Structure formats: C-alpha cells, structure tokens
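Okay, data.cif is below, mmCIF, C-alpha atoms and all ligand atoms:
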data_upload
#
loop_
_atom_site.group_PDB
_atom_site.id
_atom_site.type_symbol
_atom_site.label_atom_id
_atom_site.label_comp_id
_atom_site.auth_asym_id
_atom_site.auth_seq_id
_atom_site.Cartn_x
_atom_site.Cartn_y
_atom_site.Cartn_z
ATOM 1 C CA MET A 24 -139.231 97.056 -151.778
ATOM 2 C CA GLU A 25 -136.738 96.443 -154.570
ATOM 3 C CA LYS A 26 -138.063 97.025 -158.094
ATOM 4 C CA LYS A 27 -136.448 95.657 -161.253
ATOM 5 C CA ILE A 28 -137.050 96.688 -164.860
ATOM 6 C CA ILE A 29 -137.737 93.646 -167.042
ATOM 7 C CA ILE A 30 -138.237 93.171 -170.799
ATOM 8 C CA THR A 31 -141.473 91.381 -171.678
ATOM 9 C CA LYS A 32 -141.998 89.142 -174.718
ATOM 10 C CA ASP A 33 -143.122 91.920 -177.076
ATOM 11 C CA GLY A 34 -139.965 93.920 -176.287
ATOM 12 C CA SER A 35 -141.659 96.466 -174.024
ATOM 13 C CA HIS A 36 -140.549 97.058 -170.446
ATOM 14 C CA SER A 37 -142.331 96.264 -167.230
ATOM 15 C CA ILE A 38 -141.428 96.352 -163.546
ATOM 16 C CA GLU A 39 -141.040 93.414 -161.217
ATOM 17 C CA ILE A 40 -141.238 93.391 -157.413
ATOM 18 C CA PRO A 41 -139.547 90.062 -156.571
ATOM 19 C CA GLU A 42 -140.458 90.263 -152.860
ATOM 20 C CA MET A 43 -144.177 90.364 -153.715
ATOM 21 C CA ASN A 44 -143.795 87.994 -156.674
ATOM 22 C CA VAL A 45 -145.600 90.460 -158.973
ATOM 23 C CA THR A 46 -144.967 92.251 -162.264
ATOM 24 C CA TYR A 47 -146.732 95.446 -163.376
ATOM 25 C CA HIS A 48 -147.798 93.780 -166.646
ATOM 26 C CA SER A 49 -147.968 90.381 -168.312
ATOM 27 C CA ILE A 50 -144.539 88.926 -169.041
ATOM 28 C CA HIS A 51 -146.033 87.891 -172.417
ATOM 29 C CA GLY A 52 -146.034 91.547 -173.482
ATOM 30 C CA ALA A 53 -146.730 94.701 -171.474
ATOM 31 C CA LEU A 54 -147.683 96.847 -174.437
ATOM 32 C CA GLN A 55 -149.806 94.098 -175.990
ATOM 33 C CA GLU A 56 -151.630 93.515 -172.695
ATOM 34 C CA SER A 57 -152.400 97.183 -172.013
ATOM 35 C CA THR A 58 -153.539 97.744 -175.589
ATOM 36 C CA HIS A 59 -155.769 94.668 -175.587
ATOM 37 C CA VAL A 60 -157.338 94.940 -172.117
ATOM 38 C CA PHE A 61 -157.672 98.662 -171.511
ATOM 39 C CA ILE A 62 -157.688 100.296 -174.943
ATOM 40 C CA ASN A 63 -159.301 97.790 -177.329
ATOM 41 C CA ALA A 64 -161.633 96.032 -174.861
ATOM 42 C CA GLY A 65 -162.229 99.188 -172.784
ATOM 43 C CA LEU A 66 -161.799 102.632 -174.278
ATOM 44 C CA LEU A 67 -162.489 101.713 -177.920
ATOM 45 C CA ALA A 68 -165.218 99.172 -177.093
ATOM 46 C CA SER A 69 -167.200 101.867 -175.269
ATOM 47 C CA ASP A 70 -169.194 104.522 -177.116
ATOM 48 C CA LEU A 71 -167.023 107.244 -175.618
ATOM 49 C CA PHE A 72 -165.597 108.583 -178.876
ATOM 50 C CA ASP A 73 -169.075 108.665 -180.463
ATOM 51 C CA PHE A 74 -169.748 111.811 -178.449
ATOM 52 C CA ILE A 75 -167.843 115.050 -178.547
ATOM 53 C CA GLY A 76 -167.254 116.366 -175.049
ATOM 54 C CA VAL A 77 -165.234 115.731 -171.913
ATOM 55 C CA HIS A 78 -165.011 112.074 -170.940
ATOM 56 C CA HIS A 79 -163.814 110.896 -167.530
ATOM 57 C CA VAL A 80 -161.637 107.808 -167.201
ATOM 58 C CA LEU A 81 -160.433 106.360 -163.886
ATOM 59 C CA GLU A 82 -157.404 104.117 -163.474
ATOM 60 C CA ILE A 83 -156.694 102.015 -160.406
ATOM 61 C CA GLY A 84 -152.899 101.785 -160.131
ATOM 62 C CA PHE A 85 -151.073 104.420 -162.243
ATOM 63 C CA GLY A 86 -147.706 102.604 -162.005
ATOM 64 C CA THR A 87 -145.604 103.089 -165.147
ATOM 65 C CA GLY A 88 -148.238 105.330 -166.766
ATOM 66 C CA LEU A 89 -148.496 102.996 -169.782
ATOM 67 C CA ASN A 90 -152.316 102.920 -169.765
ATOM 68 C CA ALA A 91 -152.425 106.696 -169.421
ATOM 69 C CA LEU A 92 -149.995 107.117 -172.344
ATOM 70 C CA LEU A 93 -152.028 104.828 -174.630
ATOM 71 C CA THR A 94 -155.225 106.676 -173.665
ATOM 72 C CA LEU A 95 -153.621 110.069 -174.341
ATOM 73 C CA ILE A 96 -152.574 108.848 -177.802
ATOM 74 C CA GLU A 97 -156.186 107.768 -178.545
ATOM 75 C CA ALA A 98 -157.581 111.079 -177.271
ATOM 76 C CA ASP A 99 -155.197 112.936 -179.614
ATOM 77 C CA LYS A 100 -156.048 110.618 -182.501
ATOM 78 C CA HIS A 101 -159.822 111.102 -182.049
ATOM 79 C CA GLN A 102 -159.439 114.779 -181.108
ATOM 80 C CA ASN A 103 -161.786 114.202 -178.205
ATOM 81 C CA ARG A 104 -161.135 115.287 -174.637
ATOM 82 C CA ILE A 105 -160.351 112.862 -171.828
ATOM 83 C CA TYR A 106 -159.958 113.840 -168.192
ATOM 84 C CA TYR A 107 -157.970 110.986 -166.699
ATOM 85 C CA THR A 108 -157.851 110.332 -162.952
ATOM 86 C CA ALA A 109 -155.353 107.766 -161.691
ATOM 87 C CA ILE A 110 -154.798 106.584 -158.157
ATOM 88 C CA GLU A 111 -151.440 105.317 -156.961
ATOM 89 C CA PRO A 112 -150.184 105.002 -153.367
ATOM 90 C CA TYR A 113 -146.621 103.967 -154.330
ATOM 91 C CA PRO A 114 -145.351 106.176 -157.188
ATOM 92 C CA LEU A 115 -142.292 104.987 -159.091
ATOM 93 C CA SER A 116 -139.072 106.994 -158.811
ATOM 94 C CA GLU A 117 -137.534 109.013 -161.648
ATOM 95 C CA ASN A 118 -134.810 106.355 -162.044
ATOM 96 C CA GLU A 119 -137.440 103.677 -162.555
ATOM 97 C CA ILE A 120 -139.431 105.735 -165.064
ATOM 98 C CA LYS A 121 -136.655 107.229 -167.236
ATOM 99 C CA PRO A 122 -135.566 103.965 -168.946
ATOM 100 C CA LEU A 123 -139.121 102.803 -169.831
ATOM 101 C CA ASN A 124 -139.199 102.215 -173.600
ATOM 102 C CA TYR A 125 -142.920 102.606 -174.408
ATOM 103 C CA CYS A 126 -142.674 105.563 -176.796
ATOM 104 C CA GLU A 127 -139.787 103.917 -178.672
ATOM 105 C CA GLN A 128 -141.670 100.611 -178.912
ATOM 106 C CA LEU A 129 -144.693 102.469 -180.286
ATOM 107 C CA ASN A 130 -142.501 104.345 -182.777
ATOM 108 C CA LEU A 131 -143.830 107.545 -181.260
ATOM 109 C CA ALA A 132 -140.698 109.180 -179.881
ATOM 110 C CA GLN A 133 -142.474 112.557 -180.061
ATOM 111 C CA TYR A 134 -144.671 111.411 -177.143
ATOM 112 C CA LYS A 135 -141.711 110.945 -174.772
ATOM 113 C CA PRO A 136 -141.861 114.518 -173.347
ATOM 114 C CA ARG A 137 -145.616 114.069 -172.710
ATOM 115 C CA PHE A 138 -144.994 110.704 -171.056
ATOM 116 C CA GLU A 139 -142.319 112.258 -168.826
ATOM 117 C CA ARG A 140 -144.569 115.182 -168.001
ATOM 118 C CA MET A 141 -147.302 112.807 -166.836
ATOM 119 C CA HIS A 142 -144.851 111.521 -164.242
ATOM 120 C CA GLU A 143 -143.393 114.915 -163.317
ATOM 121 C CA THR A 144 -146.702 116.617 -162.570
ATOM 122 C CA GLY A 145 -147.842 116.905 -158.964
ATOM 123 C CA TRP A 146 -150.588 115.101 -157.124
ATOM 124 C CA GLU A 147 -154.205 115.944 -156.257
ATOM 125 C CA GLU A 148 -154.320 118.569 -159.024
ATOM 126 C CA MET A 149 -155.399 118.515 -162.656
ATOM 127 C CA PHE A 150 -152.738 119.149 -165.344
ATOM 128 C CA GLU A 151 -153.162 119.658 -169.072
ATOM 129 C CA ILE A 152 -150.785 117.245 -170.816
ATOM 130 C CA THR A 153 -152.129 117.847 -174.326
ATOM 131 C CA GLN A 154 -155.054 119.794 -175.747
ATOM 132 C CA TYR A 155 -157.127 116.616 -175.465
ATOM 133 C CA PHE A 156 -155.812 115.020 -172.283
ATOM 134 C CA ARG A 157 -155.817 116.213 -168.675
ATOM 135 C CA LEU A 158 -154.371 114.169 -165.854
ATOM 136 C CA THR A 159 -155.143 114.128 -162.141
ATOM 137 C CA LYS A 160 -153.030 111.761 -160.046
ATOM 138 C CA ILE A 161 -154.275 110.909 -156.571
ATOM 139 C CA LYS A 162 -151.846 109.469 -154.059
ATOM 140 C CA CYS A 163 -154.095 107.152 -152.090
ATOM 141 C CA SER A 164 -154.957 103.537 -151.542
ATOM 142 C CA LEU A 165 -157.999 102.143 -153.339
ATOM 143 C CA PRO A 166 -160.109 101.411 -150.208
ATOM 144 C CA ASP A 167 -159.765 105.110 -149.217
ATOM 145 C CA PHE A 168 -160.699 106.520 -152.627
ATOM 146 C CA SER A 169 -163.879 108.465 -153.269
ATOM 147 C CA ASP A 170 -164.717 111.143 -155.825
ATOM 148 C CA GLU A 171 -167.582 113.453 -156.689
ATOM 149 C CA GLU A 172 -166.917 112.732 -160.363
ATOM 150 C CA LYS A 173 -168.679 109.956 -162.272
ATOM 151 C CA PHE A 174 -166.584 108.009 -164.767
ATOM 152 C CA ARG A 175 -167.337 106.491 -168.161
ATOM 153 C CA ILE A 176 -164.659 103.805 -167.838
ATOM 154 C CA ILE A 177 -162.602 102.305 -165.036
ATOM 155 C CA TYR A 178 -159.300 100.591 -165.844
ATOM 156 C CA PHE A 179 -158.988 98.196 -162.923
ATOM 157 C CA ASP A 180 -155.245 97.427 -162.946
ATOM 158 C CA ALA A 181 -154.390 96.483 -159.357
ATOM 159 C CA PHE A 182 -151.956 93.658 -158.612
ATOM 160 C CA ALA A 183 -153.528 90.219 -158.885
ATOM 161 C CA PRO A 184 -155.863 88.926 -156.131
ATOM 162 C CA ALA A 185 -153.183 86.450 -154.977
ATOM 163 C CA ALA A 186 -150.969 89.425 -154.012
ATOM 164 C CA GLN A 187 -153.642 91.929 -152.901
ATOM 165 C CA PRO A 188 -156.954 90.115 -152.151
ATOM 166 C CA GLU A 189 -158.247 93.172 -150.240
ATOM 167 C CA LEU A 190 -158.525 95.119 -153.533
ATOM 168 C CA TRP A 191 -160.859 92.635 -155.271
ATOM 169 C CA THR A 192 -163.752 92.409 -152.773
ATOM 170 C CA LYS A 193 -167.485 93.000 -153.167
ATOM 171 C CA GLU A 194 -167.145 96.233 -151.130
ATOM 172 C CA ILE A 195 -164.454 97.577 -153.464
ATOM 173 C CA PHE A 196 -166.587 96.770 -156.530
ATOM 174 C CA GLU A 197 -169.635 98.404 -154.896
ATOM 175 C CA ASN A 198 -167.577 101.564 -154.675
ATOM 176 C CA MET A 199 -166.456 101.185 -158.325
ATOM 177 C CA TYR A 200 -170.126 100.741 -159.312
ATOM 178 C CA LYS A 201 -171.050 104.002 -157.560
ATOM 179 C CA LEU A 202 -168.219 105.820 -159.335
ATOM 180 C CA LEU A 203 -169.444 104.826 -162.818
ATOM 181 C CA LEU A 204 -172.025 106.575 -164.967
ATOM 182 C CA PRO A 205 -175.042 104.462 -165.983
ATOM 183 C CA ASP A 206 -173.886 102.012 -168.677
ATOM 184 C CA GLY A 207 -170.258 102.701 -167.720
ATOM 185 C CA ILE A 208 -167.736 99.873 -167.909
ATOM 186 C CA LEU A 209 -164.912 98.476 -165.809
ATOM 187 C CA VAL A 210 -162.228 96.383 -167.518
ATOM 188 C CA THR A 211 -159.582 94.187 -165.967
ATOM 189 C CA TYR A 212 -157.066 91.559 -167.060
ATOM 190 C CA CYS A 213 -158.239 89.270 -164.252
ATOM 191 C CA SER A 214 -160.836 86.559 -164.945
ATOM 192 C CA LYS A 215 -160.928 84.687 -161.631
ATOM 193 C CA GLY A 216 -164.305 83.214 -160.611
ATOM 194 C CA ASP A 217 -164.235 84.838 -157.145
ATOM 195 C CA VAL A 218 -163.603 88.241 -158.668
ATOM 196 C CA ARG A 219 -166.405 87.794 -161.191
ATOM 197 C CA ARG A 220 -168.828 86.789 -158.423
ATOM 198 C CA ASN A 221 -167.822 89.801 -156.292
ATOM 199 C CA MET A 222 -168.488 92.072 -159.258
ATOM 200 C CA GLN A 223 -171.874 90.454 -159.858
ATOM 201 C CA ALA A 224 -172.761 90.809 -156.149
ATOM 202 C CA ALA A 225 -171.932 94.518 -156.455
ATOM 203 C CA GLY A 226 -174.503 94.847 -159.275
ATOM 204 C CA PHE A 227 -172.370 94.525 -162.421
ATOM 205 C CA THR A 228 -173.272 92.559 -165.549
ATOM 206 C CA ILE A 229 -170.196 90.616 -166.599
ATOM 207 C CA GLU A 230 -168.798 89.653 -169.977
ATOM 208 C CA LYS A 231 -165.915 87.205 -170.237
ATOM 209 C CA ILE A 232 -163.923 88.152 -173.301
ATOM 210 C CA GLN A 233 -160.782 86.902 -174.965
ATOM 211 C CA GLY A 234 -157.651 87.770 -173.023
ATOM 212 C CA PRO A 235 -154.360 89.211 -174.287
ATOM 213 C CA PRO A 236 -151.540 86.900 -175.475
ATOM 214 C CA GLY A 237 -150.750 84.357 -172.744
ATOM 215 C CA LYS A 238 -154.166 84.689 -171.088
ATOM 216 C CA ARG A 239 -157.371 82.932 -172.114
ATOM 217 C CA GLU A 240 -159.937 85.394 -170.724
ATOM 218 C CA MET A 241 -160.426 88.827 -169.199
ATOM 219 C CA LEU A 242 -163.471 90.574 -167.701
ATOM 220 C CA ARG A 243 -165.595 93.517 -168.779
ATOM 221 C CA ALA A 244 -168.171 94.607 -166.203
ATOM 222 C CA ARG A 245 -171.034 96.938 -167.095
ATOM 223 C CA LYS A 246 -173.144 99.079 -164.771
HETATM 224 C C1 LIG A 301 -150.398 95.679 -161.981
HETATM 225 S S1 LIG A 301 -149.620 97.215 -161.539
HETATM 226 C C2 LIG A 301 -150.263 98.186 -162.851
HETATM 227 C C3 LIG A 301 -149.672 99.533 -162.946
HETATM 228 C C4 LIG A 301 -150.049 100.415 -164.132
HETATM 229 N N1 LIG A 301 -151.418 100.385 -164.515
HETATM 230 C C5 LIG A 301 -149.099 100.243 -165.283
HETATM 231 O O1 LIG A 301 -149.551 100.038 -166.418
HETATM 232 O O2 LIG A 301 -147.906 100.331 -165.057
HETATM 233 C C6 LIG A 301 -150.567 97.641 -160.083
HETATM 234 C C7 LIG A 301 -150.433 99.055 -159.574
HETATM 235 O O3 LIG A 301 -151.302 99.230 -158.435
HETATM 236 C C8 LIG A 301 -150.615 99.966 -157.437
HETATM 237 N N2 LIG A 301 -151.180 99.681 -156.104
HETATM 238 C C9 LIG A 301 -150.673 98.891 -155.139
HETATM 239 N N3 LIG A 301 -151.452 98.922 -154.046
HETATM 240 C C10 LIG A 301 -152.477 99.734 -154.337
HETATM 241 C C11 LIG A 301 -153.611 100.177 -153.593
HETATM 242 N N4 LIG A 301 -153.809 99.779 -152.347
HETATM 243 N N5 LIG A 301 -154.453 101.045 -154.186
HETATM 244 C C12 LIG A 301 -154.246 101.464 -155.469
HETATM 245 N N6 LIG A 301 -153.196 101.066 -156.209
HETATM 246 C C13 LIG A 301 -152.320 100.224 -155.663
HETATM 247 C C14 LIG A 301 -149.175 99.504 -157.580
HETATM 248 O O4 LIG A 301 -148.259 100.383 -156.971
HETATM 249 C C15 LIG A 301 -149.028 99.418 -159.092
HETATM 250 O O5 LIG A 301 -148.664 100.651 -159.630
#

Let's see the structure in the file written out as structure tokens.
Amino acid sequence: MEKKIIITKDGSHSIEIPEMNVTYHSIHGALQESTHVFINAGLLASDLFDFIGVHHVLEIGFGTGLNALLTLIEADKHQNRIYYTAIEPYPLSENEIKPLNYCEQLNLAQYKPRFERMHETGWEEMFEITQYFRLTKIKCSLPDFSDEEKFRIIYFDAFAPAAQPELWTKEIFENMYKLLLPDGILVTYCSKGDVRRNMQAAGFTIEKIQGPPGKREMLRARK
C-alpha cells in the first residue's frame, strides 16, 4: 500500500496510508500526541521511575519509532533502564524513515543516530541502543503475539477501530491484561465506548483522561 509522509499541525511528520484512510498519528500534532498519550499519561504517570531497575515496556505498532524514541530520551534523562519490546508486522522502509524530522523537532539532533539505529537493528533479538535503553522488535501481528515477559506499561497504538476492529476486541485486551504486571497500565489515544467496554470485560479498571490537542479524551486502563 502506498505511504505518504505528511506534516502535522505541530510541524512534526507522520505517515498516511490513503487506501486505508489512516495516519500513524493525529494530524493535530504527531509529537504532541505521542508525548501526551504515551509519555505524560503513560510512562511518567506510572511509578516506573520511582524504582531503580529494569522496566519492561510493550508497544503495539512500532511504526515510525516515535514512541520508542521519546521513551529512550526519558530513560536517559532518568538514568533508569527500560527494556522496550515493540511489535510490528509491516515495518517501514528506509526511504520512509530517513526523512522523519522528530529529532530536529525536539532540538535533539544528537539522538538521530540512535533513532536510525532503532530502525536498522534486526528483529526477534534484543539490542542495546543506549546504556539505559534496549530494544526488541517483533515482526508479528497482534493476535499472534505472546511473551513470557510481564510488562509495566503497554502503549496500545494500533490503527483506529474503524480501520482494524479485530485489534480492539475483548480477547485482545484479555491477552494484554495477562501480559501486564499487577497494577500495570495500558494507555491508548482511543476513547470509544465499545473499546472501553471491551477493556472492562477483560478485567481492566478504566480512567478517561484528557486527550491530546484535537481530541477530548483518551483511555488509561489499569490491571
Ligand atoms: C497508529 S500507527 C502507530 C505507529 C507507531 N506507534 C508510531 O508512533 O509511528 C499503527 C501501527 O500498527 C501497525 N499494525 C498494523 N496492523 C497491525 C497488527 N495486526 N498488529 C500489530 N501492529 C499492527 C501499523 O503498521 C502501524 O505501524
């Protein structure tokens, strides 16, 4: 399927798949959305950095690697180790990744080689990207994913239910629930009623919280 690089309202890039009528991030601001939903309402809202040790984070849909980059920056900042697992069945090509302007937009050009390395590393293997951040990318579809590891946080960043309803079911959230540690959290930009009810049916306690620019609400689900 054809993919196009677009500029979102905060100046940061995203990717559009016109055939599926989806974008990888909010058109109101990719960087703003990822920072709000996954970092501020997820990573930093958890007690993860209160404890020194290795913390496991899972991302559904690696895509551009923006969430991974922002998490790596936080791990470096807090000098606390994160082992990041990301699943992605349709990796982007080098041509699609090279132009992405996230490090420039963040005024952190020194992170560009680390960002590129996250994309260059192989699959199904753990790689050290910095002293505080290790990445394992798994090339598989969400319904087929299982892991022995238990995670502190899940960034649930699949395409919206209108495009991929099969990824937002009770069964999928039951699996997410199993993959979390007790008290672990799952965050997503989506706030649809059906999705919230499927999460509740899977055992989660749900908080509706303020969404990123352009979106009224988002969901945080706790085990
Ligand atoms: C909304 S985008 C978010 C991407 C990424 N988090 C980012 O910041 O660029 C959704 C991602 O889910 C991936 N995806 C599509 N189908 C999937 C599936 N069945 N299982 C897991 N991921 C899937 C897409 O390829 C895409 O990378």

Open item on the list: Using only C-alpha atoms, which protein or nucleic acid residues come within 8 Å of range 151-153 of chain A? Drop anything in the same chain fewer than 6 positions from it, and give the result as a list in words.
Closed with: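 Surrounding residues, per the criterion: Leu95, Asp99, Arg137, Arg140 and Met141 of chain A.
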
If you take every atom of ligand LIG 301 (chain A) that the file lists and fit an axis-aligned box around them with 6 Å extra on each side, what centre and edge lengths come out in Å to one decimal, as lines of an AutoDock Vina configuration file?
center_x = -151.2
center_y = 98.6
center_z = -159.4
size_x = 18.5
size_y = 17.8
size_z = 26.1

Open item on the list: Assuming the chain letters and numbering stay as they are in my file, what does the PyMOL selection byres (((not hetatm)) within 9 of (chain A and resi 301)) actually select? List them as a ChimeraX atom specification.
Closed with: /A:37-38,45-49,53-54,57,82-91,109-115,162-168,178-183,187,189-190

Open item on the list: I'd like the residues picked by the PyMOL selection byres (((chain A and resi 121) around 12) and not hetatm) written out as a PyMOL selection string, using the chain letters and numbers from the file.
Closed with: chain A and resi 28+36+87-88+115-120+122-126+135-136+138-140+142-143

Would you output that residue set with C-alpha atoms, as a compact mmCIF listing (two decimals), in the coordinates of the input?
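Result file part07.txt:
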# COMPACT_ATOMS: atom_id res chain seq x y z
CA ILE A 28 -137.05 96.69 -164.86
CA HIS A 36 -140.55 97.06 -170.45
CA THR A 87 -145.60 103.09 -165.15
CA GLY A 88 -148.24 105.33 -166.77
CA LEU A 115 -142.29 104.99 -159.09
CA SER A 116 -139.07 106.99 -158.81
CA GLU A 117 -137.53 109.01 -161.65
CA ASN A 118 -134.81 106.36 -162.04
CA GLU A 119 -137.44 103.68 -162.56
CA ILE A 120 -139.43 105.74 -165.06
CA PRO A 122 -135.57 103.96 -168.95
CA LEU A 123 -139.12 102.80 -169.83
CA ASN A 124 -139.20 102.22 -173.60
CA TYR A 125 -142.92 102.61 -174.41
CA CYS A 126 -142.67 105.56 -176.80
CA LYS A 135 -141.71 110.94 -174.77
CA PRO A 136 -141.86 114.52 -173.35
CA PHE A 138 -144.99 110.70 -171.06
CA GLU A 139 -142.32 112.26 -168.83
CA ARG A 140 -144.57 115.18 -168.00
CA HIS A 142 -144.85 111.52 -164.24
CA GLU A 143 -143.39 114.92 -163.32

Task: Selection result of the PyMOL selection byres (((chain A and resi 216-225) around 12) and not hetatm) on this file, as a ChimeraX atom specification - done: /A:179,183-185,188-201,208-215,226-231,240-246

Take the residues from that selection and write them out as a PDB file, keeping the file's coordinate frame, keeping C-alpha atoms.
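The new file part_15.pdb reads:
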ATOM      1  CA  PHE A 179    -158.988  98.196-162.923  1.00  0.00           C
ATOM      2  CA  ALA A 183    -153.528  90.219-158.885  1.00  0.00           C
ATOM      3  CA  PRO A 184    -155.863  88.926-156.131  1.00  0.00           C
ATOM      4  CA  ALA A 185    -153.183  86.450-154.977  1.00  0.00           C
ATOM      5  CA  PRO A 188    -156.954  90.115-152.151  1.00  0.00           C
ATOM      6  CA  GLU A 189    -158.247  93.172-150.240  1.00  0.00           C
ATOM      7  CA  LEU A 190    -158.525  95.119-153.533  1.00  0.00           C
ATOM      8  CA  TRP A 191    -160.859  92.635-155.271  1.00  0.00           C
ATOM      9  CA  THR A 192    -163.752  92.409-152.773  1.00  0.00           C
ATOM     10  CA  LYS A 193    -167.485  93.000-153.167  1.00  0.00           C
ATOM     11  CA  GLU A 194    -167.145  96.233-151.130  1.00  0.00           C
ATOM     12  CA  ILE A 195    -164.454  97.577-153.464  1.00  0.00           C
ATOM     13  CA  PHE A 196    -166.587  96.770-156.530  1.00  0.00           C
ATOM     14  CA  GLU A 197    -169.635  98.404-154.896  1.00  0.00           C
ATOM     15  CA  ASN A 198    -167.577 101.564-154.675  1.00  0.00           C
ATOM     16  CA  MET A 199    -166.456 101.185-158.325  1.00  0.00           C
ATOM     17  CA  TYR A 200    -170.126 100.741-159.312  1.00  0.00           C
ATOM     18  CA  LYS A 201    -171.050 104.002-157.560  1.00  0.00           C
ATOM     19  CA  ILE A 208    -167.736  99.873-167.909  1.00  0.00           C
ATOM     20  CA  LEU A 209    -164.912  98.476-165.809  1.00  0.00           C
ATOM     21  CA  VAL A 210    -162.228  96.383-167.518  1.00  0.00           C
ATOM     22  CA  THR A 211    -159.582  94.187-165.967  1.00  0.00           C
ATOM     23  CA  TYR A 212    -157.066  91.559-167.060  1.00  0.00           C
ATOM     24  CA  CYS A 213    -158.239  89.270-164.252  1.00  0.00           C
ATOM     25  CA  SER A 214    -160.836  86.559-164.945  1.00  0.00           C
ATOM     26  CA  LYS A 215    -160.928  84.687-161.631  1.00  0.00           C
ATOM     27  CA  GLY A 226    -174.503  94.847-159.275  1.00  0.00           C
ATOM     28  CA  PHE A 227    -172.370  94.525-162.421  1.00  0.00           C
ATOM     29  CA  THR A 228    -173.272  92.559-165.549  1.00  0.00           C
ATOM     30  CA  ILE A 229    -170.196  90.616-166.599  1.00  0.00           C
ATOM     31  CA  GLU A 230    -168.798  89.653-169.977  1.00  0.00           C
ATOM     32  CA  LYS A 231    -165.915  87.205-170.237  1.00  0.00           C
ATOM     33  CA  GLU A 240    -159.937  85.394-170.724  1.00  0.00           C
ATOM     34  CA  MET A 241    -160.426  88.827-169.199  1.00  0.00           C
ATOM     35  CA  LEU A 242    -163.471  90.574-167.701  1.00  0.00           C
ATOM     36  CA  ARG A 243    -165.595  93.517-168.779  1.00  0.00           C
ATOM     37  CA  ALA A 244    -168.171  94.607-166.203  1.00  0.00           C
ATOM     38  CA  ARG A 245    -171.034  96.938-167.095  1.00  0.00           C
ATOM     39  CA  LYS A 246    -173.144  99.079-164.771  1.00  0.00           C
TER      40      LYS A 246
END

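Near Thr108 in chain A, within 7 Å and counting only C-alpha atoms, sit Val80, Leu81, Glu82, Leu158, Thr159 and Lys160 of chain A, not including residues fewer than 3 positions from it in the same chain.
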
- [ ] Write out as a ChimeraX atom specification the residues lying within 12 Å of Val77 in chain A, counting all atoms listed in the file and excluding same-chain residues fewer than 2 positions away.
- [x] /A:71-75,79-80,98,102-107,154-157,173-175

Task: Separation of CA of Leu202 in chain A from CA of Gly65 in chain A, in Å and rounded to one decimal - done: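 Answer for the CA of Leu202 in chain A to CA of Gly65 in chain A separation: 16.1 Å.
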
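With all atoms listed in the file as the atoms that count, the residue of A:Met149, A:Gln133, A:Glu39, A:Glu97 with the shortest distance to Asn63 in chain A is A:Glu97.
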
Task: Nearest to Trp146 in chain A, chosen from A:Ile161, A:Ile50, A:Ile40, A:Ala68, with only C-alpha atoms counted in the distances - done: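 Among A:Ile161, A:Ile50, A:Ile40, A:Ala68, it is A:Ile161 that comes nearest to Trp146 in chain A.
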
Contacts of Thr31 in chain A at 6 Å (only C-alpha atoms; same-chain gap of 2+ positions) as a PDB file with C-alpha atoms, in the coordinates of the input:
ATOM      1  CA  ASP A  33    -143.122  91.920-177.076  1.00  0.00           C
ATOM      2  CA  GLY A  34    -139.965  93.920-176.287  1.00  0.00           C
ATOM      3  CA  SER A  35    -141.659  96.466-174.024  1.00  0.00           C
ATOM      4  CA  HIS A  36    -140.549  97.058-170.446  1.00  0.00           C
ATOM      5  CA  ILE A  50    -144.539  88.926-169.041  1.00  0.00           C
ATOM      6  CA  HIS A  51    -146.033  87.891-172.417  1.00  0.00           C
ATOM      7  CA  GLY A  52    -146.034  91.547-173.482  1.00  0.00           C
TER       8      GLY A  52
END

- [ ] To one decimal in Å, tell me the separation between CA of Gln233 in chain A and CA of Leu129 in chain A.
- [x] 23.0 Å

- [ ] Name the closest residue to Ile177 in chain A among the candidates A:Ala132, A:Met43, A:Met24, A:Ala64; distances are taken between atoms, counting all atoms listed in the file.
- [x]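 Between A:Ala132, A:Met43, A:Met24, A:Ala64, the residue approaching Ile177 in chain A most closely is A:Ala64.
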